[in-house]
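All remarks here apply to the structure that follows.
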Amino acid sequence: MEKLARKQVQALTPYMSARRIGGSGDIWLNANESPFDNEYKTDFARLNRYSECQPKALIEAYASYAGVEANQTLTSRGADEGIELLIRAFCEPGEDSILYCPPTYGMYAISAETIGVERKVVPLTADWQLDLPTIEANLDTVKLVFVCSPNNPTGNLVNRDDIITLLEMTKDKAIVVMDEAYIDFCPEASTADLLADYPNLAILRTLSKAFALAGLRCGFTLANAPLINVLLKVIAPYPVPVPVADIAIQALSESGLARAKYQVLDLNANRAYLQAGLSMLPGVLVHEGWGNYLLVEFTNGDELFKATWDNGIILRNSPIENCVRISVGNREECEKTLAFIRNQINQSAA
Ligand SMILES: *Cc1c(COP(=O)(O)O)cnc(C)c1O
């Protein structure tokens with residue numbers, strides 16, 4: 001059967017999501033999920049009818065939250081579908097390419113590969129910022145440049161001045177896609193205000209992280225209307241299930257937004273707790289993080305990862321040597337994880 005698949009697909013290694021990797025235990029800090037399980041009710045009525053392609057109330061609620069216009073907002077099945085829509089709409093397979101800057105989120109490469117679009121890779125600099133001269137030298141055939149800020153898995157923000165330079169550099173040539181999946185944890189770092197000046201800017205957002213709705217599968221793309229209209233040409237006719245729109249609208253209501261804000265404050269405090277506690281341990285370097293996760297460097301990252309895994313604390317190993325990514329859980333999860341790691345390090349020092 002495999003042989004019947006497209007060659008691109010035969011060669012493809014699927015994205016190893018935290019969920020696919022599995023594990024067993026009672027502390028799950030590997031997928032940047034929220035520890036808050038908020039309750040929603042929906043009446044499951046009207047399911048005999050198709051949903052609106054872009055449910056008006058949902059679009060208006062998110063646009064208002066993001067400080068943009070409704071015609072600058074598109075909703076899709078998670079930010080992941082936004083990535084795919086952008087590539088499908090703007091890149092000619094076998095001709096155009098995307099450019100991305102590792103270490104970063106894995107789905108840009110996988111979506112491009114699936115669609116048969118070439119990938120140009122310009123690693124981040126040593127301090128995980130954009131290597132602008134090398135990007136400029138490689139823009140040939142590039143239609144989309146993906147920039148993740150806060151970056152997953154490193155956690156840092158990309159310099160705003162560099163983003164503006166990149167937008168200028170790519171004007172009339174390529175689209176800069178800012179992946180802001182974690183921006184709700186540091187809203188002051190958003191580039192949404194730059195939409196006023198840059199028709200070649202697209203911004204990815206999601207309800208999966210700060211809104212604690214990873215299982216809902218609801219994301220957004222923000223851009224000026226002409227770009228949004230191109231995406232609307234390639235999106236599926238009914239991309240948003242009726243119950244999804246209903247629950248997302250509740251999450252974006254006044255009380256939903258207040259709750260999300262409170263939960264962000266709580267998680268940011270837990271992140272500070274983890275950061276402070278881990279930093280005190282010998283041989284541990286905690287990188288500054290702006291999302292709901294921290295990238296932590298150990299003397300032997302693989303060993304630490306395995307020790308936690310074997311003891312039911314499921315973290316995410318990272319492509320960066322000796323680094324483990326730890327999602328910020330509730331206070332108890334953070335305390336248990338910190339205590340375990342402290343013990344582990346004391347033991348190997350003894
Ligand atoms: C989680 C994540 C996404 C995907 O979000 P969904 O809305 O759940 O598809 C996109 N980009 C980054 C950087 C992420 O970490």
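A note on labels: chains of the structure tokens are A, B, ... as shown, every chain counts residues from 1, and ligands are counted from 1 in their shown order.
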Got a sec to tell me which of range 117-245 of chain A DSSP assigns to alpha helix (DSSP H), as a PyMOL selection string? chain A and resi 132-137+160-170+225-234+242-245
Could you give me the residues within range 155-330 of chain A that DSSP places in strand (DSSP E), as a ChimeraX atom specification? /A:175-179,201-206,219-223,285-286,293-297,313-314,316-317,323-327
Within 9 Å of ligand 1 (counting only C-alpha atoms and all ligand atoms), which residues show up? I'd like them as JSON, numbers by chain. {"A": [31, 32, 33, 76, 77, 78, 79, 80, 81, 82, 83, 104, 105, 106, 107, 108, 148, 149, 150, 151, 152, 153, 179, 180, 181, 182, 204, 205, 206, 207, 208, 209, 213, 214, 215, 216, 217, 218, 219, 220]}
Hey, can you spit out that residue selection with N, CA, C and O atoms as a short mmCIF file (atom, residue, chain, number, x, y, z; two decimals), in the first residue's frame?
data_model
loop_
_atom_site.label_atom_id
_atom_site.label_comp_id
_atom_site.auth_asym_id
_atom_site.auth_seq_id
_atom_site.Cartn_x
_atom_site.Cartn_y
_atom_site.Cartn_z
N ALA A 31 3.71 18.63 26.40
CA ALA A 31 3.01 19.12 25.20
C ALA A 31 2.58 20.57 25.32
O ALA A 31 1.76 21.04 24.52
N ASN A 32 3.11 21.29 26.28
CA ASN A 32 2.74 22.69 26.50
C ASN A 32 1.23 22.88 26.62
O ASN A 32 0.69 23.90 26.18
N GLU A 33 0.57 21.88 27.19
CA GLU A 33 -0.87 22.01 27.43
C GLU A 33 -1.08 22.78 28.73
O GLU A 33 -0.20 22.88 29.57
N SER A 76 -9.41 28.40 11.79
CA SER A 76 -9.11 27.10 11.18
C SER A 76 -8.95 26.06 12.27
O SER A 76 -9.00 26.38 13.46
N ARG A 77 -8.74 24.81 11.86
CA ARG A 77 -8.57 23.70 12.80
C ARG A 77 -7.18 23.81 13.44
O ARG A 77 -6.24 23.16 13.02
N GLY A 78 -7.07 24.64 14.43
CA GLY A 78 -5.79 24.87 15.08
C GLY A 78 -4.90 25.75 14.22
O GLY A 78 -5.18 25.99 13.03
N ALA A 79 -3.82 26.25 14.84
CA ALA A 79 -2.83 27.01 14.08
C ALA A 79 -2.16 26.10 13.05
O ALA A 79 -1.72 26.56 12.00
N ASP A 80 -2.11 24.82 13.33
CA ASP A 80 -1.48 23.88 12.39
C ASP A 80 -2.15 23.92 11.02
O ASP A 80 -1.48 23.84 10.00
N GLU A 81 -3.49 24.04 11.00
CA GLU A 81 -4.15 24.14 9.70
C GLU A 81 -3.81 25.47 9.03
O GLU A 81 -3.71 25.54 7.80
N GLY A 82 -3.59 26.52 9.84
CA GLY A 82 -3.18 27.81 9.28
C GLY A 82 -1.85 27.68 8.53
O GLY A 82 -1.69 28.23 7.44
N ILE A 83 -0.91 26.95 9.12
CA ILE A 83 0.39 26.72 8.48
C ILE A 83 0.18 26.07 7.12
O ILE A 83 0.73 26.50 6.09
N THR A 104 13.26 25.17 15.91
CA THR A 104 11.93 25.78 16.00
C THR A 104 10.86 24.70 15.82
O THR A 104 11.17 23.51 15.74
N TYR A 105 9.63 25.14 15.75
CA TYR A 105 8.48 24.24 15.65
C TYR A 105 8.58 23.36 14.39
O TYR A 105 8.93 23.84 13.31
N GLY A 106 8.25 22.07 14.54
CA GLY A 106 8.49 21.11 13.47
C GLY A 106 7.48 21.09 12.32
O GLY A 106 7.77 20.56 11.25
N MET A 107 6.31 21.72 12.52
CA MET A 107 5.26 21.53 11.51
C MET A 107 5.45 22.33 10.23
O MET A 107 4.85 22.00 9.20
N TYR A 108 6.27 23.40 10.26
CA TYR A 108 6.49 24.15 9.02
C TYR A 108 7.13 23.21 7.99
O TYR A 108 6.70 23.13 6.85
N CYS A 148 8.94 32.03 14.72
CA CYS A 148 8.16 31.64 15.90
C CYS A 148 8.63 32.46 17.11
O CYS A 148 9.81 32.44 17.44
N SER A 149 7.71 33.19 17.74
CA SER A 149 8.10 34.05 18.88
C SER A 149 6.90 34.24 19.81
O SER A 149 5.90 34.78 19.37
N PRO A 150 7.00 33.81 21.09
CA PRO A 150 8.08 33.05 21.70
C PRO A 150 8.38 31.78 20.90
O PRO A 150 7.44 31.10 20.47
N ASN A 151 9.67 31.48 20.75
CA ASN A 151 10.03 30.34 19.91
C ASN A 151 9.88 29.03 20.68
O ASN A 151 10.27 28.93 21.84
N ASN A 152 9.32 28.04 20.00
CA ASN A 152 9.23 26.69 20.53
C ASN A 152 10.32 25.87 19.86
O ASN A 152 10.34 25.84 18.64
N PRO A 153 11.27 25.26 20.55
CA PRO A 153 11.29 24.98 21.99
C PRO A 153 12.17 25.89 22.83
O PRO A 153 12.27 25.66 24.04
N ASP A 179 4.56 33.07 14.05
CA ASP A 179 3.83 32.07 14.84
C ASP A 179 3.77 32.57 16.28
O ASP A 179 4.75 32.55 17.00
N GLU A 180 2.58 33.04 16.65
CA GLU A 180 2.38 33.60 18.00
C GLU A 180 1.53 32.67 18.87
O GLU A 180 0.68 33.12 19.65
N ALA A 181 1.79 31.36 18.76
CA ALA A 181 1.00 30.38 19.53
C ALA A 181 1.06 30.66 21.04
O ALA A 181 0.12 30.33 21.77
N TYR A 182 2.16 31.26 21.49
CA TYR A 182 2.34 31.49 22.95
C TYR A 182 2.25 32.96 23.33
O TYR A 182 2.62 33.33 24.44
N LEU A 204 -0.03 33.71 13.20
CA LEU A 204 -0.76 32.51 13.62
C LEU A 204 -1.05 32.59 15.12
O LEU A 204 -0.18 32.93 15.91
N ARG A 205 -2.28 32.26 15.48
CA ARG A 205 -2.70 32.25 16.88
C ARG A 205 -3.46 30.95 17.16
O ARG A 205 -3.90 30.28 16.24
N THR A 206 -3.66 30.65 18.44
CA THR A 206 -4.37 29.42 18.80
C THR A 206 -5.06 29.54 20.15
O THR A 206 -4.64 30.33 20.99
N LEU A 207 -6.10 28.72 20.32
CA LEU A 207 -6.73 28.61 21.65
C LEU A 207 -6.15 27.42 22.42
O LEU A 207 -6.58 27.11 23.52
N SER A 208 -5.13 26.74 21.83
CA SER A 208 -4.62 25.50 22.43
C SER A 208 -3.78 25.72 23.68
O SER A 208 -3.64 24.82 24.50
N LYS A 209 -3.16 26.87 23.82
CA LYS A 209 -2.18 27.03 24.89
C LYS A 209 -2.77 27.84 26.05
O LYS A 209 -3.28 27.28 26.99
N LEU A 213 -7.43 25.04 25.52
CA LEU A 213 -8.37 24.31 24.66
C LEU A 213 -7.66 23.53 23.56
O LEU A 213 -8.10 23.52 22.41
N ALA A 214 -6.58 22.83 23.92
CA ALA A 214 -5.83 22.06 22.91
C ALA A 214 -6.71 21.03 22.22
O ALA A 214 -6.57 20.77 21.03
N GLY A 215 -7.63 20.44 22.98
CA GLY A 215 -8.48 19.41 22.41
C GLY A 215 -9.60 19.94 21.54
O GLY A 215 -10.27 19.18 20.84
N LEU A 216 -9.82 21.24 21.57
CA LEU A 216 -10.91 21.83 20.78
C LEU A 216 -10.53 21.96 19.32
O LEU A 216 -11.37 21.84 18.44
N ARG A 217 -9.23 22.18 19.07
CA ARG A 217 -8.69 22.41 17.73
C ARG A 217 -9.27 23.68 17.11
O ARG A 217 -10.10 23.64 16.20
N CYS A 218 -8.84 24.80 17.64
CA CYS A 218 -9.30 26.08 17.11
C CYS A 218 -8.14 27.07 17.07
O CYS A 218 -7.51 27.33 18.10
N GLY A 219 -7.83 27.57 15.88
CA GLY A 219 -6.75 28.52 15.72
C GLY A 219 -7.16 29.65 14.79
O GLY A 219 -8.27 29.63 14.23
N PHE A 220 -6.26 30.62 14.63
CA PHE A 220 -6.58 31.80 13.83
C PHE A 220 -5.37 32.25 13.03
O PHE A 220 -4.23 32.05 13.45
#
Nearest to Val147 in chain A: which of A:Ala5, A:Cys186, A:Leu201, A:Met169 is it, counting only C-alpha atoms? A:Leu201
Pick out the closest residue to Leu278 in chain A from this set: A:Ala225, A:Ile326, A:Leu257, A:Ala137. Count only C-alpha atoms.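 That would be A:Ile326, the residue with the smallest distance to Leu278 in chain A.
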Which residues are close to Gly67 in chain A, i.e. within 12 Å by only C-alpha atoms, leaving aside same-chain residues fewer than 3 positions away? Reply as an MDAnalysis selection string. chainID A and resid 59:64 70:73 187 190:196 222:223
Just C-alpha atoms for this one: save the residues we selected as a compact mmCIF listing (two decimals), in the first residue's frame.
# COMPACT_ATOMS: atom_id res chain seq x y z
CA ILE A 59 -14.42 35.82 14.03
CA GLU A 60 -15.71 39.01 15.64
CA ALA A 61 -14.85 37.80 19.15
CA TYR A 62 -11.29 36.85 18.24
CA ALA A 63 -10.70 39.99 16.14
CA SER A 64 -11.78 42.10 19.08
CA ALA A 70 -12.98 40.94 11.44
CA ASN A 71 -11.83 40.95 7.79
CA GLN A 72 -8.25 40.47 9.06
CA THR A 73 -9.16 37.25 10.88
CA PRO A 187 0.87 39.91 24.84
CA SER A 190 2.76 40.70 19.68
CA THR A 191 3.38 41.96 16.17
CA ALA A 192 -0.36 42.43 15.46
CA ASP A 193 0.11 46.23 15.39
CA LEU A 194 2.48 45.80 12.41
CA LEU A 195 -0.44 44.63 10.25
CA ALA A 196 -1.24 48.31 9.72
CA LEU A 222 -4.42 37.35 11.28
CA ALA A 223 -3.45 39.32 8.17
If you count only C-alpha atoms, which residues fall within 8 Å of range 197-200 of chain A, apart from same-chain ones fewer than 4 positions away, as a tab-separated table (two decimals) with all heavy atoms, in the first residue's frame?
chain	number	residue	atom	x	y	z
A	167	LEU	N	10.48	42.11	7.45
A	167	LEU	CA	9.27	42.51	6.70
A	167	LEU	C	9.63	43.47	5.57
A	167	LEU	O	9.07	43.37	4.46
A	167	LEU	CB	8.27	43.17	7.66
A	167	LEU	CG	7.47	42.20	8.55
A	167	LEU	CD1	6.86	42.95	9.74
A	167	LEU	CD2	6.38	41.50	7.75
A	170	THR	N	11.43	41.56	2.70
A	170	THR	CA	10.62	40.62	1.93
A	170	THR	C	9.43	41.30	1.24
A	170	THR	O	8.65	40.63	0.55
A	170	THR	CB	10.06	39.52	2.85
A	170	THR	OG1	9.43	40.13	3.98
A	170	THR	CG2	11.17	38.60	3.34
A	171	LYS	N	9.29	42.61	1.41
A	171	LYS	CA	8.17	43.36	0.83
A	171	LYS	C	8.01	43.03	-0.65
A	171	LYS	O	8.98	43.02	-1.39
A	171	LYS	CB	8.40	44.86	1.01
A	171	LYS	CG	7.30	45.54	1.80
A	171	LYS	CD	7.57	47.02	1.99
A	171	LYS	CE	6.44	47.62	2.82
A	171	LYS	NZ	6.74	49.00	3.25
A	172	ASP	N	6.78	42.74	-1.09
A	172	ASP	CA	6.47	42.41	-2.48
A	172	ASP	C	7.12	41.11	-2.96
A	172	ASP	O	7.06	40.80	-4.15
A	172	ASP	CB	6.91	43.55	-3.44
A	172	ASP	CG	6.25	44.87	-3.08
A	172	ASP	OD1	5.05	44.85	-2.75
A	172	ASP	OD2	6.95	45.90	-3.09
A	174	ALA	N	7.79	38.08	-0.43
A	174	ALA	CA	7.43	36.92	0.40
A	174	ALA	C	6.63	37.39	1.61
A	174	ALA	O	6.61	38.57	1.94
A	174	ALA	CB	8.71	36.21	0.86
A	175	ILE	N	5.96	36.42	2.23
A	175	ILE	CA	5.16	36.69	3.42
A	175	ILE	C	5.94	36.25	4.65
A	175	ILE	O	6.54	35.16	4.65
A	175	ILE	CB	3.82	35.93	3.33
A	175	ILE	CG1	2.99	36.52	2.18
A	175	ILE	CG2	3.06	35.97	4.65
A	175	ILE	CD1	1.95	35.57	1.65
A	176	VAL	N	5.96	37.10	5.66
A	176	VAL	CA	6.54	36.71	6.95
A	176	VAL	C	5.40	36.17	7.81
A	176	VAL	O	4.41	36.87	8.05
A	176	VAL	CB	7.22	37.91	7.64
A	176	VAL	CG1	7.72	37.51	9.04
A	176	VAL	CG2	8.37	38.44	6.79
A	223	ALA	N	-4.18	38.68	9.28
A	223	ALA	CA	-3.45	39.32	8.17
A	223	ALA	C	-4.38	40.34	7.54
A	223	ALA	O	-5.58	40.38	7.86
A	223	ALA	CB	-3.04	38.28	7.12
A	224	ASN	N	-3.85	41.16	6.64
A	224	ASN	CA	-4.72	42.11	5.96
A	224	ASN	C	-5.68	41.36	5.02
A	224	ASN	O	-5.40	40.24	4.57
A	224	ASN	CB	-3.90	43.17	5.23
A	224	ASN	CG	-3.33	44.17	6.23
A	224	ASN	OD1	-4.08	44.98	6.79
A	224	ASN	ND2	-2.05	44.09	6.50
A	227	LEU	N	-4.78	39.15	1.90
A	227	LEU	CA	-4.12	37.87	2.20
A	227	LEU	C	-5.14	36.86	2.74
A	227	LEU	O	-5.18	35.70	2.32
A	227	LEU	CB	-2.98	38.11	3.20
A	227	LEU	CG	-1.91	37.03	3.31
A	227	LEU	CD1	-0.67	37.59	3.98
A	227	LEU	CD2	-2.37	35.80	4.05
Near-Thr125 in chain A list (12 Å; only C-alpha atoms; drop same-chain fewer than 3 positions) as a PyMOL selection string: chain A and resi 101-103+122+128-135+158
Can you write out the residues you just picked, keeping N, CA, C and O atoms, as an mmCIF file, in the first residue's frame?
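Done, and the output landed in result38.cif:
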data_model
loop_
_atom_site.group_PDB
_atom_site.id
_atom_site.type_symbol
_atom_site.label_atom_id
_atom_site.label_comp_id
_atom_site.auth_asym_id
_atom_site.auth_seq_id
_atom_site.Cartn_x
_atom_site.Cartn_y
_atom_site.Cartn_z
ATOM 1 N N CYS A 101 13.762 28.722 10.576
ATOM 2 C CA CYS A 101 14.994 28.931 11.328
ATOM 3 C C CYS A 101 15.055 28.049 12.574
ATOM 4 O O CYS A 101 14.608 28.448 13.650
ATOM 5 N N PRO A 102 15.617 26.845 12.437
ATOM 6 C CA PRO A 102 15.681 25.956 13.587
ATOM 7 C C PRO A 102 16.742 26.388 14.603
ATOM 8 O O PRO A 102 17.665 27.121 14.220
ATOM 9 N N PRO A 103 16.675 25.956 15.865
ATOM 10 C CA PRO A 103 15.647 25.055 16.373
ATOM 11 C C PRO A 103 14.305 25.767 16.515
ATOM 12 O O PRO A 103 14.221 26.810 17.145
ATOM 13 N N VAL A 122 17.641 28.196 7.592
ATOM 14 C CA VAL A 122 18.658 29.146 8.061
ATOM 15 C C VAL A 122 18.617 29.132 9.593
ATOM 16 O O VAL A 122 17.740 29.758 10.192
ATOM 17 N N TRP A 128 19.853 32.601 19.451
ATOM 18 C CA TRP A 128 18.512 32.250 18.986
ATOM 19 C C TRP A 128 17.743 33.427 18.413
ATOM 20 O O TRP A 128 16.549 33.604 18.624
ATOM 21 N N GLN A 129 18.479 34.274 17.663
ATOM 22 C CA GLN A 129 17.835 35.367 16.932
ATOM 23 C C GLN A 129 17.959 35.089 15.432
ATOM 24 O O GLN A 129 18.618 34.141 15.018
ATOM 25 N N LEU A 130 17.295 35.925 14.621
ATOM 26 C CA LEU A 130 17.306 35.730 13.173
ATOM 27 C C LEU A 130 18.673 36.060 12.596
ATOM 28 O O LEU A 130 19.258 37.092 12.922
ATOM 29 N N ASP A 131 19.155 35.194 11.727
ATOM 30 C CA ASP A 131 20.399 35.454 11.001
ATOM 31 C C ASP A 131 20.000 36.187 9.715
ATOM 32 O O ASP A 131 19.873 35.587 8.642
ATOM 33 N N LEU A 132 19.797 37.494 9.819
ATOM 34 C CA LEU A 132 19.209 38.260 8.712
ATOM 35 C C LEU A 132 20.045 38.245 7.431
ATOM 36 O O LEU A 132 19.481 38.070 6.343
ATOM 37 N N PRO A 133 21.384 38.398 7.499
ATOM 38 C CA PRO A 133 22.159 38.365 6.252
ATOM 39 C C PRO A 133 22.010 37.039 5.506
ATOM 40 O O PRO A 133 21.850 37.021 4.279
ATOM 41 N N THR A 134 22.031 35.925 6.250
ATOM 42 C CA THR A 134 21.895 34.621 5.590
ATOM 43 C C THR A 134 20.469 34.420 5.065
ATOM 44 O O THR A 134 20.268 33.835 3.998
ATOM 45 N N ILE A 135 19.481 34.921 5.792
ATOM 46 C CA ILE A 135 18.108 34.841 5.282
ATOM 47 C C ILE A 135 18.026 35.615 3.962
ATOM 48 O O ILE A 135 17.516 35.109 2.957
ATOM 49 N N VAL A 158 11.816 36.787 19.605
ATOM 50 C CA VAL A 158 12.634 37.277 18.495
ATOM 51 C C VAL A 158 12.579 38.809 18.525
ATOM 52 O O VAL A 158 11.503 39.397 18.717
#
Between A:Met1, A:Ala276, A:Leu58, A:Leu281, single out the one closest to Ser253 in chain A, counting only C-alpha atoms.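 Closest residue, counting only C-alpha atoms: A:Leu58.
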For Ser24 in chain A, list every protein, DNA or RNA residue within 12 Å, evaluated using only C-alpha atoms, and leave out those in the same chain fewer than 4 positions away; present the list as a list in words.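 Here the qualifying residues turn out to be Ala18, Arg19, Trp28, Leu29, Asn30, Thr308, Trp309, Asp310, Asn311, Gly312, Ile313, Ile314 and Leu315 of chain A.
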Please, could you write that set of residues out with C-alpha atoms as a CSV table (one decimal), in the first residue's frame?
chain,number,residue,atom,x,y,z
A,18,ALA,CA,4.1,14.4,22.4
A,19,ARG,CA,0.8,12.5,22.1
A,28,TRP,CA,2.4,15.4,31.9
A,29,LEU,CA,4.6,18.3,31.1
A,30,ASN,CA,5.5,17.4,27.5
A,308,THR,CA,12.0,11.5,34.8
A,309,TRP,CA,10.3,9.4,32.2
A,310,ASP,CA,10.9,6.2,34.1
A,311,ASN,CA,9.3,7.8,37.2
A,312,GLY,CA,6.1,9.0,35.5
A,313,ILE,CA,7.2,12.6,34.9
A,314,ILE,CA,6.8,13.0,31.2
A,315,LEU,CA,8.9,15.9,29.7
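Proximity of A:Gly22, A:Pro14, A:Gly329, A:Pro319 to Glu113 in chain A, computed with only C-alpha atoms, is greatest for A:Pro14.
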So, with only C-alpha atoms as the atoms that count, which of A:Phe146, A:Tyr50, A:Tyr100, A:Tyr15 lies closest to Val177 in chain A?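 Among the listed residues, A:Phe146 lies closest to Val177 in chain A.
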Which one of A:Leu265, A:Met280, A:Leu157, A:Val240 sits closest to Cys53 in chain A if you count only C-alpha atoms?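 Closest candidate: A:Val240.
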Distance query Glu39 in chain A at most 12 Å, only C-alpha atoms, self and fewer than 4 positions along chain excluded, as a ChimeraX atom specification: /A:211-213,247-248,250-251,256,259
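For the atom pair formed by CA of Leu139 in chain A and CA of Asn229 in chain A, the distance is 24.5 Å, given to one decimal.
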